[in-house]
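Working notes, structure below.
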Amino acid sequence: MKYMSEYRDPEVAKAYLEEIKKTVTQPWSIMEVCGGQTHSLVKNGIIDMLPKEVTMIHGPGCPVCVTPLNIIDKAIHLALEENVILCSFGDMLRVPGSKKNLLEAKAEGADIRILYSPLEAVRIAEDNPDKEIVFFAVGFETTAPANALSVIHAHRKELKNYSILASHVLVPPAIKAVIDDEESKIDGFLAAGHVCTIMGNAEYHPLSATYKVPIVVTGFEPLDVLQGILMVLKQLEGSKAQVENQYSRIVKEEGNPEAQKMIHKVFEIKNQIWRGIGEIPESGYQVRPEYADFDANRKFKIEIPEAPENPDCISGQIMKGLKKPFECSQFGKKCKPTNPLGAPMVSSEGACAAYYHFSGLVEA
Amino acid sequence: MCLAIPGKIKSIELQYGGAVRMATVSFGGITKEASLEMLPDAGIDDYVLVHVGVAISKVDEEEAQKTFKYLEELGEIGELTDVDEYLPKKN
Ligand code: SF4
């Protein structure tokens, strides 16, 4: 109970927990897809307060964690090129590549800039016409409009020295892959609210209907997550399987049509490798041929051999919900946020880092 | 990086010969530029959710304030400020 003060409203939280206890009559496994929700569940101690029948499984919902090793190596390789300024979101810097991470490349002299927005990278490109500016464009659907927009802005400005190294992952195909995986037994899903702010709920209806699983679009704050869990449980106990929207104060059924237009203008769907999980069909974006000049993959033609993952890291099993972080032999030992062996220990939205920070191993 | 942060639109500037609306958005006092290209009907004094420099959804004031407070507690507001030292000086 020690984290209760951090709820927006502890009374409401208690009421939800009571209602959850009243609702469950048998064991259920629910996967929260978004890393922000994992963070919320662990940090606020919700996980320990749920009745024992309810098992929360932490999904692959952290783009930082699932960016393929090979693309990290590519980004490092590019950053170390004489003429390149590599721009990235801050979370990517400590993600382990096969030999080093971006932060170490920076210490070796690579020009790497941490940015808040890809639009700032376009400005850097304008200010440095004699350099090649590459933006490391990772993210879920939420981030895709901004990354696409940077390409549109660079195109409008007729910049010849701006490109993006895109590594985008999409939520609905990942949910499908998790359901299709024979080892994982998940009864219901909390879908990621901010992803649906952009994409709307349309893609989830056929998933829910085909596989007969409840999917509740959920926000990331503690009360959102609790309410989302309750909504999934009510459906499960009532033998229903439909899409519901817990986060309707933000998410509209149709999403944001302007943002969707922007995504489809610049990106097309491709098969994507998820670190720790493998290839998932039609689960990523690549730059359309019309904007090939802004695609770092086409522009620089770098071939980096595939390197093996750290054999001790079981992040794939964690993201499929088969194991918990503390079941990893390296957790809290060789692998810590200051020295991550695998990506889920890097970002605060990664399951391993969330457990590390809030499991009493360090002061939260 | 995945979260969207609510802020209030302070001013709007037209760029690219009027084709693009860029807003100055205040997040609890920290101001940042955000593109309004995904929200054609957002105007001055509106509250918007901003994700990596792009406004993606309108929100009401109460919701904006609650969410901002929660993100502050989580330590997620840092991404708005911590990066500035890496940026080249604007001319
Ligand atoms: S604790 Fe570290 S080594 Fe173990 S699964 Fe998590 S990231 Fe990988």
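By convention in this document, the chains of the structure tokens carry letters A, B, ... by their order, each chain's residues are numbered from 1, and ligands are numbered from 1 in the order they are shown.
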Closest contacts (chain A/ligand 1, max 12 Å, only C-alpha atoms and all ligand atoms) as a tab-separated table:
```
residue	atom	partner	partner_atom_place_in_ligand_line	distance
A:Val64	CA	ligand 1	7 (S)	11.9
A:Cys65	CA	ligand 1	7 (S)	8.8
A:Val66	CA	ligand 1	7 (S)	11.3
A:Arg94	CA	ligand 1	7 (S)	12.0
A:Val95	CA	ligand 1	7 (S)	10.0
A:Pro96	CA	ligand 1	7 (S)	9.8
A:Arg275	CA	ligand 1	8 (Fe)	11.1
A:Gly276	CA	ligand 1	8 (Fe)	9.2
A:Glu309	CA	ligand 1	8 (Fe)	9.7
A:Asn310	CA	ligand 1	3 (S)	7.7
A:Pro311	CA	ligand 1	3 (S)	8.6
A:Asp312	CA	ligand 1	3 (S)	5.8
A:Cys313	CA	ligand 1	8 (Fe)	3.6
A:Ile314	CA	ligand 1	5 (S)	4.2
A:Ser315	CA	ligand 1	5 (S)	3.9
A:Gly316	CA	ligand 1	5 (S)	7.5
A:Gln317	CA	ligand 1	5 (S)	8.0
A:Ile318	CA	ligand 1	5 (S)	6.7
A:Met319	CA	ligand 1	5 (S)	9.1
A:Lys320	CA	ligand 1	5 (S)	11.6
A:Gly321	CA	ligand 1	5 (S)	11.7
A:Leu322	CA	ligand 1	5 (S)	11.5
A:Lys323	CA	ligand 1	5 (S)	9.0
A:Lys324	CA	ligand 1	5 (S)	8.4
A:Pro325	CA	ligand 1	6 (Fe)	5.5
A:Phe326	CA	ligand 1	1 (S)	7.0
A:Glu327	CA	ligand 1	4 (Fe)	7.9
A:Cys328	CA	ligand 1	4 (Fe)	4.6
A:Ser329	CA	ligand 1	4 (Fe)	6.6
A:Gln330	CA	ligand 1	4 (Fe)	5.1
A:Phe331	CA	ligand 1	1 (S)	3.7
A:Gly332	CA	ligand 1	1 (S)	6.7
A:Lys333	CA	ligand 1	1 (S)	8.3
A:Lys334	CA	ligand 1	3 (S)	7.7
A:Cys335	CA	ligand 1	2 (Fe)	4.6
A:Lys336	CA	ligand 1	2 (Fe)	6.7
A:Pro337	CA	ligand 1	2 (Fe)	8.5
A:Thr338	CA	ligand 1	2 (Fe)	10.9
A:Asn339	CA	ligand 1	2 (Fe)	8.9
A:Pro340	CA	ligand 1	2 (Fe)	5.9
A:Leu341	CA	ligand 1	3 (S)	4.8
A:Gly342	CA	ligand 1	7 (S)	3.5
A:Ala343	CA	ligand 1	7 (S)	5.4
A:Pro344	CA	ligand 1	7 (S)	4.7
A:Met345	CA	ligand 1	7 (S)	4.4
A:Val346	CA	ligand 1	7 (S)	7.6
A:Ser347	CA	ligand 1	7 (S)	10.2
A:Ser348	CA	ligand 1	7 (S)	11.8
A:Gly350	CA	ligand 1	7 (S)	8.4
A:Ala351	CA	ligand 1	6 (Fe)	7.5
A:Cys352	CA	ligand 1	6 (Fe)	4.7
A:Ala353	CA	ligand 1	6 (Fe)	7.6
A:Ala354	CA	ligand 1	6 (Fe)	10.1
A:Tyr355	CA	ligand 1	1 (S)	9.1
A:Tyr356	CA	ligand 1	1 (S)	8.4
A:His357	CA	ligand 1	1 (S)	11.9
```
task: Within 12 Å of B:Thr81, counting only C-alpha atoms, which residues show up once you throw out same-chain ones fewer than 6 positions away? Write them as a ChimeraX atom specification, please.
output: /A:90,114-117 /B:27-32,75,87
Would you mind exporting the chosen residues as an mmCIF file, in the first residue's frame, restricted to all heavy atoms?
```cif
data_model
loop_
_atom_site.group_PDB
_atom_site.id
_atom_site.type_symbol
_atom_site.label_atom_id
_atom_site.label_comp_id
_atom_site.auth_asym_id
_atom_site.auth_seq_id
_atom_site.Cartn_x
_atom_site.Cartn_y
_atom_site.Cartn_z
ATOM 1 N N GLY A 90 16.320 10.890 -26.565
ATOM 2 C CA GLY A 90 17.277 10.556 -25.516
ATOM 3 C C GLY A 90 17.255 9.093 -25.085
ATOM 4 O O GLY A 90 18.300 8.518 -24.769
ATOM 5 N N ILE A 114 20.782 14.867 -28.895
ATOM 6 C CA ILE A 114 19.541 14.378 -28.304
ATOM 7 C C ILE A 114 18.466 15.430 -28.520
ATOM 8 O O ILE A 114 18.645 16.583 -28.129
ATOM 9 C CB ILE A 114 19.715 14.133 -26.800
ATOM 10 C CG1 ILE A 114 20.836 13.117 -26.581
ATOM 11 C CG2 ILE A 114 18.424 13.646 -26.179
ATOM 12 C CD1 ILE A 114 21.258 13.003 -25.139
ATOM 13 N N LEU A 115 17.388 15.043 -29.146
ATOM 14 C CA LEU A 115 16.345 16.017 -29.457
ATOM 15 C C LEU A 115 15.016 15.630 -28.830
ATOM 16 O O LEU A 115 14.747 14.463 -28.563
ATOM 17 C CB LEU A 115 16.150 16.124 -30.973
ATOM 18 C CG LEU A 115 17.361 16.492 -31.818
ATOM 19 C CD1 LEU A 115 16.927 16.665 -33.267
ATOM 20 C CD2 LEU A 115 18.040 17.752 -31.319
ATOM 21 N N TYR A 116 14.184 16.650 -28.656
ATOM 22 C CA TYR A 116 12.829 16.418 -28.176
ATOM 23 C C TYR A 116 11.925 16.052 -29.349
ATOM 24 O O TYR A 116 11.010 15.251 -29.209
ATOM 25 C CB TYR A 116 12.331 17.672 -27.453
ATOM 26 C CG TYR A 116 10.845 17.696 -27.253
ATOM 27 C CD1 TYR A 116 10.219 16.723 -26.460
ATOM 28 C CD2 TYR A 116 10.052 18.669 -27.858
ATOM 29 C CE1 TYR A 116 8.854 16.733 -26.290
ATOM 30 C CE2 TYR A 116 8.686 18.678 -27.690
ATOM 31 C CZ TYR A 116 8.089 17.707 -26.908
ATOM 32 O OH TYR A 116 6.729 17.707 -26.744
ATOM 33 N N SER A 117 12.205 16.633 -30.508
ATOM 34 C CA SER A 117 11.301 16.450 -31.647
ATOM 35 C C SER A 117 12.089 16.293 -32.944
ATOM 36 O O SER A 117 13.104 16.955 -33.147
ATOM 37 C CB SER A 117 10.397 17.682 -31.760
ATOM 38 O OG SER A 117 9.785 17.728 -33.025
ATOM 39 N N PHE B 27 4.079 24.506 -21.278
ATOM 40 C CA PHE B 27 3.871 23.332 -20.423
ATOM 41 C C PHE B 27 4.286 23.735 -19.019
ATOM 42 O O PHE B 27 5.472 23.713 -18.708
ATOM 43 C CB PHE B 27 4.742 22.174 -20.898
ATOM 44 C CG PHE B 27 4.520 21.775 -22.340
ATOM 45 C CD1 PHE B 27 5.285 22.353 -23.353
ATOM 46 C CD2 PHE B 27 3.556 20.847 -22.678
ATOM 47 C CE1 PHE B 27 5.088 21.989 -24.677
ATOM 48 C CE2 PHE B 27 3.359 20.490 -23.996
ATOM 49 C CZ PHE B 27 4.121 21.062 -25.003
ATOM 50 N N GLY B 28 3.339 24.149 -18.218
ATOM 51 C CA GLY B 28 3.654 24.569 -16.863
ATOM 52 C C GLY B 28 4.800 25.576 -16.826
ATOM 53 O O GLY B 28 5.654 25.508 -15.952
ATOM 54 N N GLY B 29 4.851 26.472 -17.808
ATOM 55 C CA GLY B 29 5.876 27.514 -17.809
ATOM 56 C C GLY B 29 7.005 27.267 -18.805
ATOM 57 O O GLY B 29 7.638 28.200 -19.272
ATOM 58 N N ILE B 30 7.251 25.999 -19.145
ATOM 59 C CA ILE B 30 8.275 25.708 -20.160
ATOM 60 C C ILE B 30 7.612 25.869 -21.524
ATOM 61 O O ILE B 30 6.565 25.282 -21.773
ATOM 62 C CB ILE B 30 8.782 24.255 -20.034
ATOM 63 C CG1 ILE B 30 9.251 23.962 -18.622
ATOM 64 C CG2 ILE B 30 9.844 23.959 -21.069
ATOM 65 C CD1 ILE B 30 9.292 22.477 -18.291
ATOM 66 N N THR B 31 8.201 26.665 -22.409
ATOM 67 C CA THR B 31 7.565 26.798 -23.723
ATOM 68 C C THR B 31 8.347 26.036 -24.781
ATOM 69 O O THR B 31 9.576 25.937 -24.744
ATOM 70 C CB THR B 31 7.424 28.277 -24.157
ATOM 71 O OG1 THR B 31 8.709 28.868 -24.149
ATOM 72 C CG2 THR B 31 6.506 29.038 -23.251
ATOM 73 N N LYS B 32 7.584 25.500 -25.714
ATOM 74 C CA LYS B 32 8.147 24.713 -26.817
ATOM 75 C C LYS B 32 7.321 25.002 -28.055
ATOM 76 O O LYS B 32 6.134 25.303 -27.962
ATOM 77 C CB LYS B 32 8.010 23.210 -26.514
ATOM 78 C CG LYS B 32 9.033 22.675 -25.559
ATOM 79 C CD LYS B 32 10.225 22.161 -26.327
ATOM 80 C CE LYS B 32 11.394 21.909 -25.398
ATOM 81 N NZ LYS B 32 12.648 21.769 -26.092
ATOM 82 N N GLY B 75 8.168 12.251 -13.407
ATOM 83 C CA GLY B 75 9.466 12.702 -13.899
ATOM 84 C C GLY B 75 9.546 12.665 -15.416
ATOM 85 O O GLY B 75 10.620 12.554 -15.992
ATOM 86 N N LEU B 87 21.249 21.304 -28.156
ATOM 87 C CA LEU B 87 20.790 21.949 -29.391
ATOM 88 C C LEU B 87 21.746 23.048 -29.825
ATOM 89 O O LEU B 87 22.312 23.752 -28.992
ATOM 90 C CB LEU B 87 19.420 22.585 -29.165
ATOM 91 C CG LEU B 87 18.228 21.638 -29.156
ATOM 92 C CD1 LEU B 87 16.972 22.422 -28.827
ATOM 93 C CD2 LEU B 87 18.085 20.972 -30.514
#
```
query: Where does DSSP see strand (DSSP E) in stretch 19-209 of chain A, if you list the residues as a PyMOL selection string?
result: chain A and resi 28-32+54-58+84-88+111-114+132-139+162-169+188-192
- prompt: Can you list, as an MDAnalysis selection string, every protein, DNA or RNA residue that comes within 7 Å of A:Ile263 when you count only C-alpha atoms, leaving out same-chain residues fewer than 6 positions away?
  reply: chainID A and resid 144:145 148
Take the residues that were just selected and, keeping N, CA, C and O atoms, output them as a PDB file, in the first residue's frame.
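Listing of part.pdb after writing:
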```pdb
ATOM      1  N   ALA A 144       4.768   8.242 -35.275  1.00  0.00           N
ATOM      2  CA  ALA A 144       4.894   8.231 -36.733  1.00  0.00           C
ATOM      3  C   ALA A 144       4.507   9.560 -37.405  1.00  0.00           C
ATOM      4  O   ALA A 144       5.199   9.997 -38.329  1.00  0.00           O
ATOM      5  N   PRO A 145       3.428  10.241 -36.956  1.00  0.00           N
ATOM      6  CA  PRO A 145       3.101  11.509 -37.627  1.00  0.00           C
ATOM      7  C   PRO A 145       4.242  12.533 -37.519  1.00  0.00           C
ATOM      8  O   PRO A 145       4.535  13.233 -38.492  1.00  0.00           O
ATOM      9  N   ALA A 148       7.048  11.476 -39.818  1.00  0.00           N
ATOM     10  CA  ALA A 148       6.628  11.724 -41.205  1.00  0.00           C
ATOM     11  C   ALA A 148       6.673  13.216 -41.518  1.00  0.00           C
ATOM     12  O   ALA A 148       7.142  13.645 -42.577  1.00  0.00           O
TER      13      ALA A 148
END
```
query: If we count only C-alpha atoms, which residues of chain B reach to within 7 Å of chain A? Please list them as a ChimeraX atom specification.
result: /B:1,38,52-54,59,79-80,83,86
task: Determine which residues of stretch 97-255 of chain A receive a DSSP assignment of helix (DSSP H, G or I), computed from the backbone, and state them as a PyMOL selection string.
output: chain A and resi 102-107+118-127+144-156+171-180+193-199+204-211+222-237
